[in-house]
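Trainee: Encoded as structure tokens, here's the structure I'll be asking about.
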Amino acid sequence: MSDLIPNATLNDGLTIPVIGFGTSRIRGNPGVEVIESAINNGYRLIDSAYNYENEGTVGEAIRRTSVSRKELIITSKLPGRYHEFDKAMITIQESLYRANLDYYDIYLVHWPNPITDKYVEAWEAMIEAKKRGYVRSIGVCNFLPEHMERLKKETGILPSMNQVELHPFFNQKEQRRWHERYEIKTQSWSPLARANQIFENDILQNLASKYEKTVAQIVLRWHYQLGAISIPRSSSPERQLENISIFDFSLEDNDMDKISRLNNPEGRLKGQDPATYEEF
Ligand SMILES: NC(=O)c1ccc[n+]([C@@H]2O[C@H](COP(=O)([O-])OP(=O)(O)OC[C@H]3O[C@@H](n4cnc5c(N)ncnc54)[C@H](OP(=O)(O)O)[C@@H]3O)[C@@H](O)[C@H]2O)c1
């Protein structure tokens, strides 16, 4: 199945699959089994975070699978409480130890926390971590254009990707356009809107009937055709497989538009606006 997932190339040259596996809340022994199953089902991009407290779980699943490390793209994220340079460097090292890895493929600053205002320092540590070989590609999550403009101005280096909340109820049109302009890849978190009202939506259900696919497949195909890399999470092996089986059909333009029109400016799942929301 992994052969069927196309790749995308980031602005620093790293090649990654266009769909990955989300792991928030997936921890411990049951979590290892879930991630192992995702890898066996064909996922090669695994998204984790220091704050999910599951880097060890991801590392153990990697150790158990027969898929080689170099075929996998492993992501983790720097928490808001460790944005100061020295703390960030130690945290990245700690992340590696927790997962028992020599390097992360992708490391992301988890939230900008603009009121605390230390994200440029965090970014300087990310640049240093890449120089030291701890990580292959550095990016951010939840950064608004103004935050990334500051990174560019103060360090000269833009992120390879920005992982943002993106689903049919909050489609980030302006943000995506800005990313395209600067060749920053958009990654969609909660791509299935955390299963919140999405599977009951009439428009999506009608499209699922029309294309003879499931609602999840319609939505994940929409992400792909938007050019966004989605990272759906599922604890079920069947749904894991369902979610990557989206490369044998294509949504017509007018159906893409129908999904995009489900957008609501207030559609964030928990109202976490990165201009004001901070997470540590
Ligand atoms: N950077 C950030 O700030 C940030 C924030 C939030 C999330 N994330 C990342 O994004 C990942 C994905 O987002 P998420 O976990 O919030 O939510 P999500 O992937 O949008 O939705 C997960 C939910 O959908 C259900 N589901 C999955 N596939 C399904 C299918 N085919 N049919 C029916 N239900 C299905 C899952 O249930 P089952 O398990 O029962 O299938 C689970 O309840 C996270 O795991 C995390 O890695 C990042």
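The chains in the structure tokens are called A, B, ... from first to last as shown; in each chain the residues are counted from 1, and the ligands are counted from 1 in the order shown.
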Return as a PyMOL selection string every polymer residue, whether protein, DNA or RNA, with at least one atom no more than 9 Å from an atom of ligand 1; count only C-alpha atoms and all ligand atoms.

Mentor: chain A and resi 20-26+46-49+52+77+108-111+140-142+162-167+187-196+199+214-217+230-243+279

Trainee: Can you pull out every residue within 6 Å of stretch 85-92 of chain A, counting only C-alpha atoms, but drop anything in the same chain fewer than 6 positions away, and send it as a PyMOL selection string?

Mentor: chain A and resi 121-122+125

Trainee: Any chance you could export the current selection's N, CA and C atoms as a compact mmCIF listing (two decimals), in the first residue's frame?

Mentor:
```txt
# COMPACT_ATOMS: atom_id res chain seq x y z
N GLU A 121 13.51 32.57 19.06
CA GLU A 121 14.58 31.84 19.76
C GLU A 121 14.43 30.33 19.54
N ALA A 122 13.19 29.86 19.62
CA ALA A 122 12.93 28.44 19.36
C ALA A 122 13.37 28.08 17.95
N ALA A 125 17.03 27.61 17.60
CA ALA A 125 17.45 26.29 18.10
C ALA A 125 17.14 25.21 17.06
```

Trainee: Between A:Asn201, A:Asn171, A:Gln225, A:Asn51, which residue has the minimum interatomic distance to A:Asn263, considering only C-alpha atoms?

Mentor: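 Using only C-alpha atoms, A:Asn263 sits closest to A:Asn171.
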
Trainee: Which parts of stretch 35-271 of chain A does DSSP call strand (DSSP E or B) when run on the backbone here, written out as an MDAnalysis selection string?

Mentor: chainID A and resid 45:47 73:78 104:109 135:141 161:165 167 170 185:189 229:230

Trainee: Go ahead and save the picked residues with C-alpha atoms, as a PDB file, in the first residue's frame.

Mentor:
```pdb
ATOM      1  CA  LEU A  45       4.880   9.280   7.812  1.00  0.00           C
ATOM      2  CA  ILE A  46       4.165   9.220  11.558  1.00  0.00           C
ATOM      3  CA  ASP A  47       3.282  12.453  13.362  1.00  0.00           C
ATOM      4  CA  ILE A  73       9.402   9.836   8.073  1.00  0.00           C
ATOM      5  CA  ILE A  74       9.079  10.526  11.799  1.00  0.00           C
ATOM      6  CA  THR A  75       7.882  13.873  13.140  1.00  0.00           C
ATOM      7  CA  SER A  76       7.932  15.326  16.635  1.00  0.00           C
ATOM      8  CA  LYS A  77       7.250  18.809  18.006  1.00  0.00           C
ATOM      9  CA  LEU A  78       8.775  21.296  20.412  1.00  0.00           C
ATOM     10  CA  TYR A 104      13.950  12.946  13.472  1.00  0.00           C
ATOM     11  CA  ASP A 105      13.002  13.469   9.865  1.00  0.00           C
ATOM     12  CA  ILE A 106      10.828  16.444  10.743  1.00  0.00           C
ATOM     13  CA  TYR A 107      10.714  18.576  13.879  1.00  0.00           C
ATOM     14  CA  LEU A 108       8.096  21.293  14.277  1.00  0.00           C
ATOM     15  CA  VAL A 109       7.619  24.192  16.704  1.00  0.00           C
ATOM     16  CA  VAL A 135      16.617  16.614  12.441  1.00  0.00           C
ATOM     17  CA  ARG A 136      16.457  16.568   8.650  1.00  0.00           C
ATOM     18  CA  SER A 137      13.737  19.128   8.091  1.00  0.00           C
ATOM     19  CA  ILE A 138      12.420  21.931  10.310  1.00  0.00           C
ATOM     20  CA  GLY A 139       8.964  23.420  10.296  1.00  0.00           C
ATOM     21  CA  VAL A 140       6.223  24.886  12.431  1.00  0.00           C
ATOM     22  CA  CYS A 141       2.612  24.333  13.434  1.00  0.00           C
ATOM     23  CA  MET A 161       6.006  23.031   6.396  1.00  0.00           C
ATOM     24  CA  ASN A 162       3.280  24.475   8.568  1.00  0.00           C
ATOM     25  CA  GLN A 163       0.894  22.038  10.234  1.00  0.00           C
ATOM     26  CA  VAL A 164      -2.411  23.840  10.783  1.00  0.00           C
ATOM     27  CA  GLU A 165      -5.993  22.994  11.692  1.00  0.00           C
ATOM     28  CA  HIS A 167     -10.821  20.353   7.527  1.00  0.00           C
ATOM     29  CA  PHE A 170     -12.165  25.403   8.431  1.00  0.00           C
ATOM     30  CA  LYS A 185       3.988  22.763   2.537  1.00  0.00           C
ATOM     31  CA  THR A 186       0.612  22.807   4.268  1.00  0.00           C
ATOM     32  CA  GLN A 187      -0.055  19.895   6.602  1.00  0.00           C
ATOM     33  CA  SER A 188      -3.629  19.401   7.861  1.00  0.00           C
ATOM     34  CA  TRP A 189      -4.209  18.541  11.505  1.00  0.00           C
ATOM     35  CA  ILE A 229      -0.712  16.638   3.524  1.00  0.00           C
ATOM     36  CA  SER A 230      -3.239  15.153   5.935  1.00  0.00           C
TER      37      SER A 230
END
```

Trainee: Of the candidates A:Trp178, A:Phe280, A:Phe169, A:Phe249, which one gets nearest to A:Arg268 if we count only C-alpha atoms?

Mentor: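 Smallest distance to A:Arg268 is found for A:Phe169.
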
Trainee: Run DSSP on the backbone of this structure and report the residues of stretch 101-133 of chain A it assigns to helix (DSSP H, G or I), as a list in words.

Mentor: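 Going through stretch 101-133 of chain A, the helix (DSSP H, G or I) residues come out as Tyr119, Val120, Glu121, Ala122, Trp123, Glu124, Ala125, Met126, Ile127, Glu128, Ala129, Lys130 and Lys131 of chain A.
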
Trainee: Find the residues around A:Glu55 up to 6 Å (only C-alpha atoms counted), leave out those fewer than 3 positions away in its own chain, and share them as number ranges by chain.

Mentor: A: 58, 98-99

Trainee: Give me, as a PDB file with C-alpha atoms, in the first residue's frame, all polymer residues having an atom no more than 7 Å from stretch 6-13 of chain A, counting only C-alpha atoms and skipping those fewer than 5 positions away in the same chain.

Mentor:
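Dumped everything to around.pdb:
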```pdb
ATOM      1  CA  VAL A  18       1.254  13.032   0.947  1.00  0.00           C
ATOM      2  CA  SER A 160       9.591  23.576   5.265  1.00  0.00           C
ATOM      3  CA  GLU A 183       6.849  27.163  -1.008  1.00  0.00           C
ATOM      4  CA  ILE A 184       5.891  26.048   2.493  1.00  0.00           C
ATOM      5  CA  LYS A 185       3.988  22.763   2.537  1.00  0.00           C
TER       6      LYS A 185
END
```

Trainee: Using only C-alpha atoms, which residues sit within 12 Å of stretch 68-71 of chain A once same-chain residues fewer than 6 positions away are excluded, as JSON, numbers by chain?

Mentor: {"A": [2, 3, 15, 16, 17, 39, 40, 42, 43, 44, 45, 46, 58, 59, 60, 61, 62, 100, 101, 102, 103, 104, 105, 136]}

Trainee: Can you tell me how far atom CA of A:Pro145 sits from atom CA of A:His83, in Å to one decimal?

Mentor: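 Between these atoms lies a distance of 19.0 Å.
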
Trainee: So how many Å separate atom CA of A:Leu251 and atom CA of A:Ile218, to one decimal?

Mentor: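 We find that atom CA of A:Leu251 and atom CA of A:Ile218 lie 7.9 Å from each other.
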
Trainee: Could you check how far atom CA of A:Ile198 sits from atom CA of A:Glu174, in Å to one decimal?

Mentor: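 These two atoms are separated by 22.3 Å.
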
Trainee: Could you pull the residues within 12 Å of A:Asp202, counting only C-alpha atoms, minus those fewer than 4 positions along the same chain, as a ChimeraX atom specification?

Mentor: /A:197-198,206-209,215,258-259,262

Trainee: Go ahead and dump the residues you just picked, all heavy atoms, as a PDB file, in the first residue's frame.

Mentor:
```
ATOM      1  N   GLN A 197     -19.206  15.852  13.707  1.00  0.00           N
ATOM      2  CA  GLN A 197     -20.263  16.277  12.776  1.00  0.00           C
ATOM      3  C   GLN A 197     -19.930  16.078  11.301  1.00  0.00           C
ATOM      4  O   GLN A 197     -20.679  16.488  10.432  1.00  0.00           O
ATOM      5  CB  GLN A 197     -20.618  17.754  12.996  1.00  0.00           C
ATOM      6  CG  GLN A 197     -21.239  17.975  14.347  1.00  0.00           C
ATOM      7  CD  GLN A 197     -21.519  19.444  14.616  1.00  0.00           C
ATOM      8  OE1 GLN A 197     -21.667  20.238  13.695  1.00  0.00           O
ATOM      9  NE2 GLN A 197     -21.592  19.794  15.876  1.00  0.00           N
ATOM     10  N   ILE A 198     -18.778  15.474  11.020  1.00  0.00           N
ATOM     11  CA  ILE A 198     -18.370  15.387   9.621  1.00  0.00           C
ATOM     12  C   ILE A 198     -19.033  14.203   8.926  1.00  0.00           C
ATOM     13  O   ILE A 198     -19.453  14.293   7.777  1.00  0.00           O
ATOM     14  CB  ILE A 198     -16.828  15.364   9.524  1.00  0.00           C
ATOM     15  CG1 ILE A 198     -16.410  15.802   8.131  1.00  0.00           C
ATOM     16  CG2 ILE A 198     -16.218  14.023   9.885  1.00  0.00           C
ATOM     17  CD1 ILE A 198     -15.046  16.405   8.098  1.00  0.00           C
ATOM     18  N   ASN A 206     -23.670  12.663   0.360  1.00  0.00           N
ATOM     19  CA  ASN A 206     -24.090  12.568  -1.048  1.00  0.00           C
ATOM     20  C   ASN A 206     -22.885  12.325  -1.953  1.00  0.00           C
ATOM     21  O   ASN A 206     -22.959  11.537  -2.903  1.00  0.00           O
ATOM     22  CB  ASN A 206     -24.819  13.844  -1.486  1.00  0.00           C
ATOM     23  CG  ASN A 206     -26.197  13.927  -0.841  1.00  0.00           C
ATOM     24  OD1 ASN A 206     -26.755  12.904  -0.416  1.00  0.00           O
ATOM     25  ND2 ASN A 206     -26.740  15.133  -0.739  1.00  0.00           N
ATOM     26  N   LEU A 207     -21.785  13.009  -1.658  1.00  0.00           N
ATOM     27  CA  LEU A 207     -20.582  12.804  -2.474  1.00  0.00           C
ATOM     28  C   LEU A 207     -20.051  11.378  -2.279  1.00  0.00           C
ATOM     29  O   LEU A 207     -19.593  10.748  -3.243  1.00  0.00           O
ATOM     30  CB  LEU A 207     -19.503  13.830  -2.108  1.00  0.00           C
ATOM     31  CG  LEU A 207     -19.820  15.267  -2.545  1.00  0.00           C
ATOM     32  CD1 LEU A 207     -18.784  16.234  -1.985  1.00  0.00           C
ATOM     33  CD2 LEU A 207     -19.858  15.367  -4.076  1.00  0.00           C
ATOM     34  N   ALA A 208     -20.137  10.879  -1.059  1.00  0.00           N
ATOM     35  CA  ALA A 208     -19.676   9.510  -0.793  1.00  0.00           C
ATOM     36  C   ALA A 208     -20.487   8.520  -1.650  1.00  0.00           C
ATOM     37  O   ALA A 208     -19.926   7.617  -2.269  1.00  0.00           O
ATOM     38  CB  ALA A 208     -19.806   9.185   0.694  1.00  0.00           C
ATOM     39  N   SER A 209     -21.830   8.755  -1.740  1.00  0.00           N
ATOM     40  CA  SER A 209     -22.658   7.868  -2.578  1.00  0.00           C
ATOM     41  C   SER A 209     -22.264   8.017  -4.038  1.00  0.00           C
ATOM     42  O   SER A 209     -22.108   7.013  -4.744  1.00  0.00           O
ATOM     43  CB  SER A 209     -24.139   8.226  -2.464  1.00  0.00           C
ATOM     44  OG  SER A 209     -24.528   8.232  -1.150  1.00  0.00           O
ATOM     45  N   VAL A 215     -17.244   8.708   3.530  1.00  0.00           N
ATOM     46  CA  VAL A 215     -17.094  10.146   3.793  1.00  0.00           C
ATOM     47  C   VAL A 215     -15.628  10.468   4.113  1.00  0.00           C
ATOM     48  O   VAL A 215     -15.069  11.457   3.614  1.00  0.00           O
ATOM     49  CB  VAL A 215     -18.028  10.592   4.946  1.00  0.00           C
ATOM     50  CG1 VAL A 215     -17.658  11.978   5.445  1.00  0.00           C
ATOM     51  CG2 VAL A 215     -19.489  10.560   4.487  1.00  0.00           C
ATOM     52  N   LYS A 258     -17.863  22.271  -3.618  1.00  0.00           N
ATOM     53  CA  LYS A 258     -18.965  21.985  -2.671  1.00  0.00           C
ATOM     54  C   LYS A 258     -18.392  21.759  -1.273  1.00  0.00           C
ATOM     55  O   LYS A 258     -18.945  22.229  -0.277  1.00  0.00           O
ATOM     56  CB  LYS A 258     -19.702  20.701  -3.090  1.00  0.00           C
ATOM     57  CG  LYS A 258     -20.868  20.942  -3.996  1.00  0.00           C
ATOM     58  CD  LYS A 258     -21.625  19.617  -4.183  1.00  0.00           C
ATOM     59  CE  LYS A 258     -22.388  19.675  -5.483  1.00  0.00           C
ATOM     60  NZ  LYS A 258     -22.760  18.384  -6.009  1.00  0.00           N
ATOM     61  N   ILE A 259     -17.291  21.024  -1.203  1.00  0.00           N
ATOM     62  CA  ILE A 259     -16.683  20.739   0.111  1.00  0.00           C
ATOM     63  C   ILE A 259     -16.072  22.024   0.681  1.00  0.00           C
ATOM     64  O   ILE A 259     -16.247  22.337   1.859  1.00  0.00           O
ATOM     65  CB  ILE A 259     -15.630  19.614   0.009  1.00  0.00           C
ATOM     66  CG1 ILE A 259     -16.265  18.356  -0.609  1.00  0.00           C
ATOM     67  CG2 ILE A 259     -15.043  19.293   1.385  1.00  0.00           C
ATOM     68  CD1 ILE A 259     -15.297  17.208  -0.873  1.00  0.00           C
ATOM     69  N   LEU A 262     -18.249  24.366   2.638  1.00  0.00           N
ATOM     70  CA  LEU A 262     -18.659  24.030   4.017  1.00  0.00           C
ATOM     71  C   LEU A 262     -17.876  24.863   5.037  1.00  0.00           C
ATOM     72  O   LEU A 262     -18.116  24.798   6.238  1.00  0.00           O
ATOM     73  CB  LEU A 262     -18.428  22.538   4.307  1.00  0.00           C
ATOM     74  CG  LEU A 262     -19.244  21.545   3.484  1.00  0.00           C
ATOM     75  CD1 LEU A 262     -18.788  20.112   3.767  1.00  0.00           C
ATOM     76  CD2 LEU A 262     -20.737  21.700   3.806  1.00  0.00           C
TER      77      LEU A 262
END
```
